[in-house]
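For reference, coords.cif is printed below; it contains mmCIF, C-alpha atoms.
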data_input
#
loop_
_atom_site.label_atom_id
_atom_site.label_comp_id
_atom_site.auth_asym_id
_atom_site.auth_seq_id
_atom_site.Cartn_x
_atom_site.Cartn_y
_atom_site.Cartn_z
CA MET A 563 0.00 0.00 0.00
CA LEU A 564 1.38 3.39 -0.97
CA ASN A 565 1.45 6.06 1.72
CA THR A 566 0.77 9.79 1.42
CA ALA A 567 4.44 10.78 1.20
CA THR A 568 4.96 8.43 -1.75
CA TYR A 569 1.98 9.85 -3.59
CA ILE A 570 3.23 13.39 -3.01
CA SER A 571 6.74 12.81 -4.30
CA ALA A 572 5.53 10.82 -7.32
CA SER A 573 3.02 13.54 -8.21
CA SER A 574 5.62 16.27 -7.75
CA PHE A 575 7.83 14.57 -10.33
CA LEU A 576 4.88 14.26 -12.70
CA GLY A 577 4.02 17.93 -12.11
CA ALA A 578 7.61 18.98 -12.79
CA ALA A 579 7.59 17.05 -16.06
CA LEU A 580 4.28 18.62 -17.11
CA ALA A 581 5.51 22.11 -16.22
CA ILE A 582 8.74 22.06 -18.19
CA GLY A 583 7.50 19.71 -20.92
CA PHE A 584 4.60 21.91 -21.94
CA GLY A 585 6.43 25.08 -20.94
CA ALA A 586 9.30 24.49 -23.34
CA ILE A 587 7.06 24.26 -26.42
CA GLY A 588 5.97 27.87 -26.78
CA ALA A 589 9.25 29.66 -26.12
CA ALA A 590 11.07 27.42 -28.58
CA VAL A 591 8.52 28.07 -31.35
CA GLY A 592 8.51 31.81 -30.69
CA GLU A 593 12.29 32.10 -30.63
CA GLY A 594 12.57 30.05 -33.78
CA TYR A 595 10.13 32.38 -35.51
CA ALA A 596 12.18 35.40 -34.41
CA ALA A 597 15.41 33.82 -35.63
CA GLY A 598 13.83 32.88 -38.94
CA LEU A 599 12.66 36.41 -39.62
CA ALA A 600 16.03 37.78 -38.52
CA ASN A 601 17.66 35.68 -41.20
CA GLN A 602 15.13 36.81 -43.74
CA ALA A 603 15.82 40.43 -42.79
CA LEU A 604 19.58 39.95 -43.12
CA SER A 605 19.18 38.56 -46.60
CA PHE A 606 17.82 41.99 -47.61
CA ARG A 607 20.52 44.01 -45.93
CA PRO A 608 23.46 42.01 -44.53
CA GLU A 609 25.31 45.14 -43.37
CA LYS A 610 22.71 45.62 -40.58
CA SER A 611 23.69 42.35 -38.93
CA GLY A 612 24.70 44.01 -35.64
CA ASP A 613 21.37 45.76 -35.07
CA VAL A 614 19.31 42.78 -36.18
CA LEU A 615 21.25 40.37 -34.00
CA LYS A 616 20.87 42.63 -30.97
CA ASN A 617 17.15 43.01 -31.57
CA MET A 618 16.67 39.29 -32.16
CA LEU A 619 18.44 38.41 -28.91
CA VAL A 620 16.42 40.93 -26.85
CA GLY A 621 13.17 39.58 -28.31
CA GLN A 622 14.20 35.98 -27.77
CA ALA A 623 15.20 36.71 -24.19
CA ILE A 624 11.69 38.00 -23.45
CA ALA A 625 10.12 34.95 -25.13
CA GLU A 626 12.44 32.73 -23.12
CA SER A 627 11.12 34.08 -19.83
CA ALA A 628 7.92 31.99 -20.12
CA ALA A 629 10.07 28.86 -20.28
CA ILE A 630 12.18 30.12 -17.38
CA PHE A 631 9.05 30.52 -15.22
CA ALA A 632 8.23 26.90 -16.09
CA LEU A 633 11.76 25.81 -15.20
CA VAL A 634 11.53 27.54 -11.80
CA VAL A 635 8.23 25.80 -11.01
CA ALA A 636 9.63 22.45 -12.20
CA ILE A 637 12.71 22.80 -9.98
CA LEU A 638 10.56 23.81 -7.00
CA LEU A 639 8.42 20.71 -7.60
CA LEU A 640 11.48 18.46 -7.92
CA PHE A 641 13.23 19.59 -4.76
CA SER A 642 10.46 20.64 -2.38
CA THR A 643 9.72 18.14 0.36
CA PRO A 644 6.41 19.22 1.91
CA GLN A 645 5.10 17.71 5.14
CA PRO A 646 2.84 14.82 4.04
CA LYS A 647 -0.19 16.22 5.89
CA THR A 648 -2.76 15.48 3.21
CA VAL A 649 -2.80 13.69 -0.11
CA LEU A 650 -4.18 16.93 -1.63
CA ILE A 651 -0.57 18.17 -1.85
CA ALA A 652 -0.09 15.53 -4.56
CA TRP A 653 -3.04 16.87 -6.57
CA ALA A 654 -1.86 20.45 -6.06
CA ALA A 655 1.54 19.49 -7.51
CA ILE A 656 -0.08 18.16 -10.69
CA GLY A 657 -2.30 21.24 -10.87
CA ALA A 658 0.70 23.54 -10.47
CA GLY A 659 2.56 21.74 -13.25
CA LEU A 660 -0.40 21.97 -15.62
CA SER A 661 -1.08 25.62 -14.81
CA MET A 662 2.51 26.72 -15.38
CA GLY A 663 3.30 24.47 -18.33
CA LEU A 664 0.17 25.08 -20.37
CA SER A 665 0.14 28.83 -19.75
CA ALA A 666 3.74 29.18 -20.94
CA ILE A 667 2.88 27.80 -24.40
CA GLY A 668 0.87 30.80 -25.59
CA SER A 669 3.13 33.41 -24.03
CA GLY A 670 6.25 31.90 -25.53
CA VAL A 671 4.81 31.77 -29.05
CA GLY A 672 3.25 35.21 -28.66
CA ALA A 673 6.37 37.00 -27.48
CA GLY A 674 8.35 35.64 -30.41
CA LEU A 675 6.02 37.14 -33.04
CA PRO A 676 6.76 40.87 -32.43
CA ALA A 677 10.47 40.04 -32.09
CA GLY A 678 10.48 38.60 -35.60
CA SER A 679 8.61 41.45 -37.23
CA ALA A 680 10.85 43.96 -35.42
CA CYS A 681 13.92 42.39 -37.07
CA VAL A 682 12.34 42.89 -40.49
CA GLY A 683 11.17 46.39 -39.58
CA ILE A 684 14.63 47.52 -38.49
CA VAL A 685 16.12 46.43 -41.79
CA ARG A 686 13.41 48.18 -43.82
CA GLN A 687 13.70 51.48 -41.96
CA PRO A 688 16.95 51.56 -39.98
CA GLN A 689 16.47 55.21 -38.94
CA ASN A 690 13.37 54.22 -36.90
CA ALA A 691 14.97 51.34 -35.03
CA ASN A 692 14.30 52.91 -31.63
CA LYS A 693 10.57 53.33 -32.18
CA VAL A 694 10.30 49.77 -33.48
CA LEU A 695 12.21 48.45 -30.49
CA THR A 696 9.95 50.32 -28.04
CA THR A 697 6.76 48.90 -29.56
CA MET A 698 8.30 45.44 -29.66
CA LEU A 699 9.29 45.60 -26.00
CA ILE A 700 5.81 46.72 -24.89
CA GLY A 701 4.15 44.02 -26.99
CA SER A 702 6.45 41.18 -25.96
CA ALA A 703 6.24 42.13 -22.31
CA VAL A 704 2.42 42.18 -22.30
CA CYS A 705 2.47 38.75 -24.00
CA GLN A 706 4.04 37.36 -20.83
CA THR A 707 1.04 38.28 -18.66
CA PRO A 708 -0.84 34.99 -19.21
CA ALA A 709 2.28 33.03 -18.20
CA ILE A 710 2.49 35.16 -15.06
CA PHE A 711 -1.14 34.29 -14.22
CA GLY A 712 -0.16 30.64 -14.62
CA MET A 713 2.85 31.11 -12.36
CA VAL A 714 0.76 32.82 -9.66
CA ILE A 715 -1.70 29.89 -9.62
CA ALA A 716 1.21 27.43 -9.58
CA PHE A 717 2.76 29.18 -6.56
CA LEU A 718 -0.60 29.30 -4.77
CA LEU A 719 -1.02 25.56 -5.36
CA LEU A 720 2.54 24.87 -4.20
CA PHE A 721 2.60 26.99 -1.07
CA LEU A 722 -0.95 27.16 0.32
CA ASP A 723 -1.83 24.90 3.22
CA PHE A 724 -4.54 22.46 2.13
CA SER A 725 -4.74 20.48 5.38
CA ASN A 726 -8.23 21.84 6.15
CA MET A 727 -9.60 21.09 2.68
CA PRO A 728 -11.55 17.81 2.34
CA VAL A 729 -9.76 15.36 0.02
CA TYR A 730 -13.06 14.68 -1.79
CA PRO A 731 -13.91 16.89 -3.72
CA GLY A 732 -10.74 18.95 -3.04
CA TRP A 733 -8.65 16.95 -5.53
CA ALA A 734 -10.90 18.06 -8.38
CA ALA A 735 -10.84 21.71 -7.27
CA LEU A 736 -7.02 21.78 -7.32
CA LEU A 737 -6.73 19.95 -10.63
CA GLY A 738 -9.46 22.16 -12.11
CA ALA A 739 -7.70 25.31 -10.87
CA GLY A 740 -4.53 24.30 -12.69
CA LEU A 741 -6.39 23.48 -15.90
CA ALA A 742 -8.52 26.65 -15.89
CA THR A 743 -5.63 29.12 -15.83
CA GLY A 744 -3.26 26.95 -17.84
CA LEU A 745 -5.58 26.31 -20.78
CA ALA A 746 -7.20 29.75 -20.81
CA ALA A 747 -3.81 31.46 -20.94
CA GLY A 748 -2.92 29.81 -24.26
CA GLY A 749 -5.28 31.90 -26.36
CA PRO A 750 -4.47 35.42 -25.11
CA GLY A 751 -0.73 34.71 -25.25
CA VAL A 752 -0.87 33.93 -28.96
CA GLY A 753 -3.50 36.63 -29.58
CA ASN A 754 -1.40 39.34 -27.96
CA GLY A 755 1.53 38.19 -30.04
CA LEU A 756 -0.47 38.55 -33.28
CA THR A 757 -1.58 42.05 -32.24
CA SER A 758 1.89 43.27 -31.36
CA ARG A 759 3.38 41.72 -34.50
CA GLU A 760 1.14 43.87 -36.69
CA ALA A 761 1.69 46.92 -34.48
CA VAL A 762 5.47 46.55 -34.79
CA THR A 763 5.20 46.17 -38.57
CA GLY A 764 2.96 49.23 -38.67
CA VAL A 765 5.33 51.37 -36.63
CA ALA A 766 8.23 50.28 -38.82
CA ARG A 767 6.34 51.28 -41.98
CA ASN A 768 4.90 54.56 -40.73
CA PRO A 769 6.82 55.78 -37.68
CA GLU A 770 4.98 59.13 -37.73
CA THR A 771 1.76 57.31 -36.75
CA GLY A 772 3.51 55.43 -33.96
CA THR A 773 1.59 57.16 -31.16
CA GLU A 774 -1.81 56.16 -32.55
CA THR A 775 -0.63 52.62 -33.32
CA ASN A 776 0.79 52.15 -29.85
CA ARG A 777 -2.39 53.42 -28.26
CA VAL A 778 -4.64 51.08 -30.26
CA MET A 779 -2.21 48.22 -29.61
CA LEU A 780 -2.43 48.77 -25.85
CA ILE A 781 -6.25 48.85 -25.94
CA GLY A 782 -6.23 45.67 -28.03
CA LEU A 783 -3.73 43.92 -25.78
CA SER A 784 -5.61 44.73 -22.60
CA VAL A 785 -9.01 43.64 -23.94
CA GLY A 786 -7.26 40.58 -25.37
CA GLN A 787 -6.21 39.50 -21.86
CA SER A 788 -9.79 39.14 -20.68
CA THR A 789 -10.19 35.42 -21.35
CA ALA A 790 -7.01 34.66 -19.40
CA ILE A 791 -8.47 36.71 -16.56
CA TYR A 792 -11.68 34.64 -16.63
CA GLY A 793 -9.63 31.47 -16.28
CA PHE A 794 -7.59 33.03 -13.48
CA LEU A 795 -10.82 34.05 -11.70
CA ILE A 796 -12.23 30.51 -11.85
CA SER A 797 -8.92 29.13 -10.54
CA LEU A 798 -8.97 31.50 -7.59
CA LEU A 799 -12.60 30.56 -6.87
CA LEU A 800 -11.73 26.86 -7.00
CA VAL A 801 -8.75 27.26 -4.67
CA PHE A 802 -10.37 29.54 -2.10
CA THR A 803 -14.04 28.46 -2.02
CA GLY A 804 -14.76 26.55 1.17
CA LEU A 805 -15.71 23.03 0.10
CA GLU A 806 -18.08 20.67 1.91
CA LYS A 807 -16.73 17.17 2.35
CA SER A 808 -18.54 14.94 -0.11
CA THR A 809 -17.54 11.60 -1.54
CA SER A 810 -20.04 11.74 -4.39
CA LEU A 811 -18.63 11.66 -7.88
CA SER A 812 -20.79 14.53 -9.12
CA ASP A 813 -19.36 16.96 -6.55
CA SER A 814 -15.84 16.23 -7.77
CA PHE A 815 -16.62 16.30 -11.45
CA ARG A 816 -18.53 19.59 -11.32
CA LEU A 817 -15.37 21.32 -10.08
CA LEU A 818 -13.25 19.63 -12.73
CA GLY A 819 -15.86 20.56 -15.35
CA ALA A 820 -15.71 24.20 -14.29
CA GLY A 821 -11.96 24.22 -14.81
CA LEU A 822 -12.24 22.59 -18.24
CA SER A 823 -15.04 24.92 -19.34
CA SER A 824 -13.33 28.19 -18.53
CA GLY A 825 -9.96 26.78 -19.57
CA PHE A 826 -10.82 25.55 -23.06
CA GLY A 827 -13.32 28.39 -23.45
CA GLY A 828 -10.54 30.95 -23.18
CA ILE A 829 -8.40 29.59 -26.01
CA GLY A 830 -10.47 30.46 -29.08
CA PRO A 831 -11.70 33.93 -28.10
CA GLY A 832 -8.20 34.75 -26.87
CA VAL A 833 -6.76 34.13 -30.33
CA GLY A 834 -9.74 35.79 -32.02
CA LEU A 835 -9.46 38.99 -29.95
CA GLY A 836 -5.81 39.18 -30.91
CA VAL A 837 -6.66 38.87 -34.62
CA VAL A 838 -9.19 41.73 -34.42
CA ALA A 839 -6.71 44.04 -32.73
CA ALA A 840 -3.97 42.98 -35.15
CA TYR A 841 -5.91 44.17 -38.20
CA ALA A 842 -6.96 47.35 -36.38
CA CYS A 843 -3.32 48.18 -35.55
CA LYS A 844 -2.23 47.42 -39.09
CA TRP A 845 -4.71 49.89 -40.54
CA VAL A 846 -4.34 52.59 -37.90
CA ALA A 847 -0.67 52.69 -38.84
CA ARG A 848 -1.53 53.09 -42.54
CA ARG A 849 -4.46 55.45 -42.15
CA PRO A 850 -4.30 57.33 -38.86
CA GLU A 851 -7.18 59.63 -39.81
CA ALA A 852 -9.52 56.61 -39.48
CA THR A 853 -8.31 55.82 -35.93
CA GLY A 854 -11.67 56.68 -34.37
CA ILE A 855 -13.83 54.48 -36.58
CA LEU A 856 -11.24 51.67 -36.50
CA THR A 857 -11.05 51.69 -32.70
CA ARG A 858 -14.83 51.66 -32.47
CA THR A 859 -15.19 48.76 -34.93
CA MET A 860 -12.40 46.92 -33.17
CA LEU A 861 -14.13 47.20 -29.81
CA VAL A 862 -17.54 46.14 -31.22
CA GLY A 863 -15.91 43.19 -32.98
CA MET A 864 -14.01 42.24 -29.82
CA ALA A 865 -17.17 42.39 -27.71
CA VAL A 866 -18.91 39.91 -30.02
CA THR A 867 -15.81 37.69 -30.22
CA GLU A 868 -15.67 37.67 -26.44
CA SER A 869 -19.19 36.21 -26.15
CA THR A 870 -18.34 32.52 -26.28
CA SER A 871 -15.76 32.89 -23.54
CA ILE A 872 -18.44 34.57 -21.43
CA TYR A 873 -20.74 31.58 -22.01
CA ALA A 874 -17.91 29.35 -20.83
CA LEU A 875 -17.41 31.57 -17.79
CA ILE A 876 -21.14 31.39 -16.98
CA VAL A 877 -21.18 27.59 -17.24
CA ALA A 878 -18.09 27.45 -15.00
CA LEU A 879 -19.61 29.80 -12.42
CA LEU A 880 -22.83 27.76 -12.43
CA LEU A 881 -20.82 24.61 -11.82
CA VAL A 882 -18.74 26.11 -8.99
CA ILE A 883 -21.32 28.22 -7.19
CA VAL A 884 -24.83 27.02 -7.98
CA PHE A 885 -24.53 23.22 -8.05
CA MET B 684 -15.33 6.95 -3.02
CA ASN B 685 -18.68 5.18 -3.20
CA ILE B 686 -20.33 5.64 -6.59
CA ALA B 687 -24.05 5.11 -7.10
CA GLY B 688 -25.74 5.04 -10.50
CA PRO B 689 -27.55 8.44 -10.45
CA ASP B 690 -24.47 10.08 -8.92
CA PHE B 691 -22.29 8.66 -11.71
CA ILE B 692 -24.66 10.04 -14.36
CA LYS B 693 -24.84 13.45 -12.68
CA GLY B 694 -21.05 13.58 -12.35
CA LEU B 695 -20.40 12.82 -15.99
CA ALA B 696 -23.15 15.26 -17.02
CA PHE B 697 -21.33 18.03 -15.12
CA LEU B 698 -18.01 17.06 -16.67
CA GLY B 699 -19.66 16.88 -20.07
CA ALA B 700 -21.20 20.34 -19.66
CA GLY B 701 -17.76 21.78 -18.94
CA ILE B 702 -16.14 20.03 -21.90
CA ALA B 703 -18.99 20.89 -24.27
CA MET B 704 -18.93 24.59 -23.50
CA GLY B 705 -15.16 24.79 -23.24
CA LEU B 706 -14.30 23.10 -26.52
CA GLY B 707 -17.34 24.60 -28.23
CA ALA B 708 -16.10 28.10 -27.48
CA ILE B 709 -12.81 27.65 -29.35
CA GLY B 710 -14.06 27.72 -32.92
CA PRO B 711 -16.46 30.67 -32.73
CA GLY B 712 -13.85 32.67 -30.83
CA VAL B 713 -11.27 32.33 -33.58
CA GLY B 714 -13.83 32.67 -36.38
CA GLU B 715 -15.53 35.78 -35.05
CA GLY B 716 -12.18 37.37 -34.39
CA PHE B 717 -11.16 36.75 -37.98
CA ALA B 718 -14.41 38.28 -39.26
CA ALA B 719 -13.97 41.38 -37.11
CA GLY B 720 -10.30 41.66 -38.03
CA LYS B 721 -11.04 41.63 -41.75
CA ALA B 722 -13.82 44.17 -41.16
CA CYS B 723 -11.24 46.48 -39.55
CA GLU B 724 -9.01 45.99 -42.57
CA ALA B 725 -11.86 46.81 -44.95
CA ILE B 726 -12.78 49.93 -42.97
CA GLY B 727 -9.14 50.95 -43.09
CA ARG B 728 -9.27 50.72 -46.89
CA LYS B 729 -12.66 52.44 -47.25
CA PRO B 730 -13.65 54.32 -44.07
CA GLU B 731 -16.68 55.85 -45.83
CA GLU B 732 -18.29 52.36 -46.04
CA ALA B 733 -17.99 51.82 -42.27
CA GLY B 734 -21.75 51.40 -41.74
CA LEU B 735 -22.16 48.67 -44.34
CA LEU B 736 -19.00 46.90 -43.22
CA THR B 737 -19.97 46.93 -39.55
CA ARG B 738 -23.39 45.54 -40.44
CA THR B 739 -21.89 42.75 -42.54
CA MET B 740 -19.38 42.00 -39.79
CA LEU B 741 -22.13 41.65 -37.19
CA VAL B 742 -24.26 39.39 -39.43
CA GLY B 743 -21.26 37.19 -40.16
CA GLN B 744 -20.30 37.03 -36.50
CA ALA B 745 -23.87 36.17 -35.52
CA VAL B 746 -23.77 33.18 -37.85
CA SER B 747 -20.40 32.00 -36.59
CA GLU B 748 -21.66 32.48 -33.06
CA SER B 749 -24.31 29.81 -33.68
CA THR B 750 -22.13 26.81 -32.88
CA GLY B 751 -21.11 28.48 -29.63
CA ILE B 752 -24.78 28.86 -28.76
CA TYR B 753 -25.41 25.19 -29.58
CA SER B 754 -22.66 24.33 -27.10
CA LEU B 755 -24.20 26.61 -24.50
CA VAL B 756 -27.63 25.00 -25.00
CA VAL B 757 -26.18 21.50 -24.69
CA ALA B 758 -24.21 22.51 -21.60
CA LEU B 759 -27.28 24.03 -19.94
CA LEU B 760 -29.34 20.95 -20.86
CA LEU B 761 -26.68 18.75 -19.26
CA LEU B 762 -26.65 20.94 -16.17
CA PHE B 763 -30.37 21.40 -15.61
CA VAL B 764 -32.25 18.62 -17.43
CA VAL B 765 -30.14 15.45 -17.19
#

This structure in structure tokens:
Amino acid sequence: MLNTATYISASSFLGAALAIGFGAIGAAVGEGYAAGLANQALSFRPEKSGDVLKNMLVGQAIAESAAIFALVVAILLLFSTPQPKTVLIAWAAIGAGLSMGLSAIGSGVGAGLPAGSACVGIVRQPQNANKVLTTMLIGSAVCQTPAIFGMVIAFLLLFLDFSNMPVYPGWAALLGAGLATGLAAGGPGVGNGLTSREAVTGVARNPETGTETNRVMLIGLSVGQSTAIYGFLISLLLVFTGLEKSTSLSDSFRLLGAGLSSGFGGIGPGVGLGVVAAYACKWVARRPEATGILTRTMLVGMAVTESTSIYALIVALLLVIVF
Amino acid sequence: MNIAGPDFIKGLAFLGAGIAMGLGAIGPGVGEGFAAGKACEAIGRKPEEAGLLTRTMLVGQAVSESTGIYSLVVALLLLFVV
């Protein structure tokens, strides 16, 4: 018969593998994209290799941070030896791994996209390299937000004391909390990357409209985060709601279902919101006199795109609170 | 964990509601975003046609919303009827 301590250390190893396994995907793809476009840019103008290399490395370093968060969580999971007070620590370890690993995918891919387009932009218009770099840094940094949500949930799951939580249905709440933030963060990470890629390209083409482009990009990025915030909200509810002890299957599965609903539900709208803002940024840069109508259309389009993630949030809230 | 028949059905119905709504939200989210994005592009090209383009965007989004609403209906049926 396995005891609680065995379960906890086995699950911590599984959680560490999930964290760094999933977490390594996104950053690698994003950095590869940046390096590819850097090469493409250098084929136009090889004499700019110094600037392009510097820009590529800065962008890749930001994309790398999502994977570094995942590495930190994986190492914490490998080497922490918690007191085996409750078997829930084992479930929290798996939840933490899923939350961190899955959320790093989108952020890693997303942060690489503006880095790549900045390399091309610098080569096209070398005199505007500073403006391009500024927009790239803002965009890439905001792309990391979903991964930070995932890291916060992972730390909560690792360091909170669950000894007062009932094992049934607590296991499902902790697993669901990891899945909700982890999955939901994938969409906004990629979406923010698409938005900032077009904004960087726009600033590189028309630096004189950089102020308008940056403003629309920031509006787009912040609205684009919303689905990750819904997932984060459901995770916090799952972790902090006082649960009644209940050994029935339906009480466990409703909490797991809430995590899956808000988690998966955040992916599609997250990407979609990013696409809307990407096209808006692209055209604000080309035609700044239409900024007003473009921003309005962008916000209307985003509100409609958002709707399915709100349905998913409602189903999740029903499952957590009402049933 | 003692599992009785009705409890098992209720449990899987809850799980199914979460999966139905979660996965069902992916497609419409991407699709509606693409529609709105292209509408922004078209308004950028021809700002004077903004009214027509916004109307077309909303009609297109309403149609791509439909599968998301099917998922919502199925999820609510699983929650309240089963």

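The smallest atom-to-atom distance between Val742 (chain B) and any of B:Ala718, B:Leu760, B:Ser754, B:Ile726, using all atoms listed in the file, is found for B:Ala718.
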
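Atom pair CA of Gly793 (chain A) / CA of Pro731 (chain A): separated by 19.7 Å.
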
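For the structure shown here, the set of residues caught by the PyMOL selection byres ((chain B and resi 697) around 9) is A:Ser812, A:Asp813, A:Phe815, A:Arg816, A:Leu817, A:Leu818, A:Gly819, A:Ala820, A:Leu881, B:Ile692, B:Lys693, B:Gly694, B:Leu695, B:Ala696, B:Leu698, B:Gly699, B:Ala700, B:Gly701, B:Ile702, B:Ala758, B:Leu761, B:Leu762.
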
Please produce an output containing C-alpha atoms for each residue in the selection, written as a compact mmCIF listing (two decimals), keeping the file's coordinate frame.
# COMPACT_ATOMS: atom_id res chain seq x y z
CA SER A 812 -20.79 14.53 -9.12
CA ASP A 813 -19.36 16.96 -6.55
CA PHE A 815 -16.62 16.30 -11.45
CA ARG A 816 -18.53 19.59 -11.32
CA LEU A 817 -15.37 21.32 -10.08
CA LEU A 818 -13.25 19.63 -12.73
CA GLY A 819 -15.86 20.56 -15.35
CA ALA A 820 -15.71 24.20 -14.29
CA LEU A 881 -20.82 24.61 -11.82
CA ILE B 692 -24.66 10.04 -14.36
CA LYS B 693 -24.84 13.45 -12.68
CA GLY B 694 -21.05 13.58 -12.35
CA LEU B 695 -20.40 12.82 -15.99
CA ALA B 696 -23.15 15.26 -17.02
CA LEU B 698 -18.01 17.06 -16.67
CA GLY B 699 -19.66 16.88 -20.07
CA ALA B 700 -21.20 20.34 -19.66
CA GLY B 701 -17.76 21.78 -18.94
CA ILE B 702 -16.14 20.03 -21.90
CA ALA B 758 -24.21 22.51 -21.60
CA LEU B 761 -26.68 18.75 -19.26
CA LEU B 762 -26.65 20.94 -16.17

**Asked** Using all atoms listed in the file, which of the listed residues (A:Met779, A:Leu856, A:Leu756, A:Leu660) sits closest to Gly832 (chain A)?
**Response** A:Leu756

**Request:** Output as a count of residues only the set of chain A residues within 8 Å of chain B, with distances taken over only C-alpha atoms.
**Result:** 56

**Request:** Determine, counting all atoms listed in the file, which protein, DNA and RNA residues have an atom within 7 Å of an atom of region 697-706 of chain A; residues of the same chain fewer than 3 positions away are not included. Present the result as number ranges by chain.
**Result:** A: 624, 628, 669, 672-673, 676-677, 680, 693-694, 709-710, 751, 754-755, 758, 762, 776

**Prompt:** Quick one, how far is CA of Ala666 (chain A) from CA of Ala586 (chain A)?
**Reply:** 7.7 Å

**Request:** May I have the protein, DNA and RNA residues with any atom at most 10 Å from the point (4.5, 51.0, -39.2), counting only C-alpha atoms, written as a VMD selection string?
**Result:** chain A and resid 683 687 690 693 to 694 760 to 772 775 843 to 848

**Prompt:** Hey, which of A:Asn692, A:Asn565, A:Thr803, A:Asn617 ends up closest to Ala600 (chain A)? Count only C-alpha atoms.
**Reply:** A:Asn617

Can I get the residues of region 657-772 of chain A within 8 Å of region 634-646 of chain A, each with the closest pair of atoms and their distance in Å to one decimal, using all atoms listed in the file, sorted chain first then ascending number, as CSV?
residue,atom,partner,partner_atom,distance
A:Ala658,CA,A:Val635,CA,7.9
A:Gly659,CA,A:Ala636,CA,7.2
A:Met662,CA,A:Val635,CA,7.3
A:Met713,CA,A:Val635,CA,7.7
A:Ala716,CA,A:Val635,CA,7.3
A:Phe717,CA,A:Val635,CA,7.8
A:Leu720,CA,A:Leu639,CA,8.0

Could you save those same residues with C-alpha atoms as an mmCIF file, keeping the file's coordinate frame?
data_model
loop_
_atom_site.group_PDB
_atom_site.id
_atom_site.type_symbol
_atom_site.label_atom_id
_atom_site.label_comp_id
_atom_site.auth_asym_id
_atom_site.auth_seq_id
_atom_site.Cartn_x
_atom_site.Cartn_y
_atom_site.Cartn_z
ATOM 1 C CA ALA A 658 0.700 23.540 -10.470
ATOM 2 C CA GLY A 659 2.560 21.740 -13.250
ATOM 3 C CA MET A 662 2.510 26.720 -15.380
ATOM 4 C CA MET A 713 2.850 31.110 -12.360
ATOM 5 C CA ALA A 716 1.210 27.430 -9.580
ATOM 6 C CA PHE A 717 2.760 29.180 -6.560
ATOM 7 C CA LEU A 720 2.540 24.870 -4.200
#

**Asked** CA of Lys807 (chain A) and CA of Val714 (chain A), how far apart in Å?
**Response** 26.4 Å

**Request:** Excluding region 723-726 of chain A and residues on its chain fewer than 2 positions from it, collect all residues at most 9 Å away from it, counting all atoms listed in the file, and give them as a PyMOL selection string.
**Result:** chain A and resi 647-651+654+719-721+728-729+732
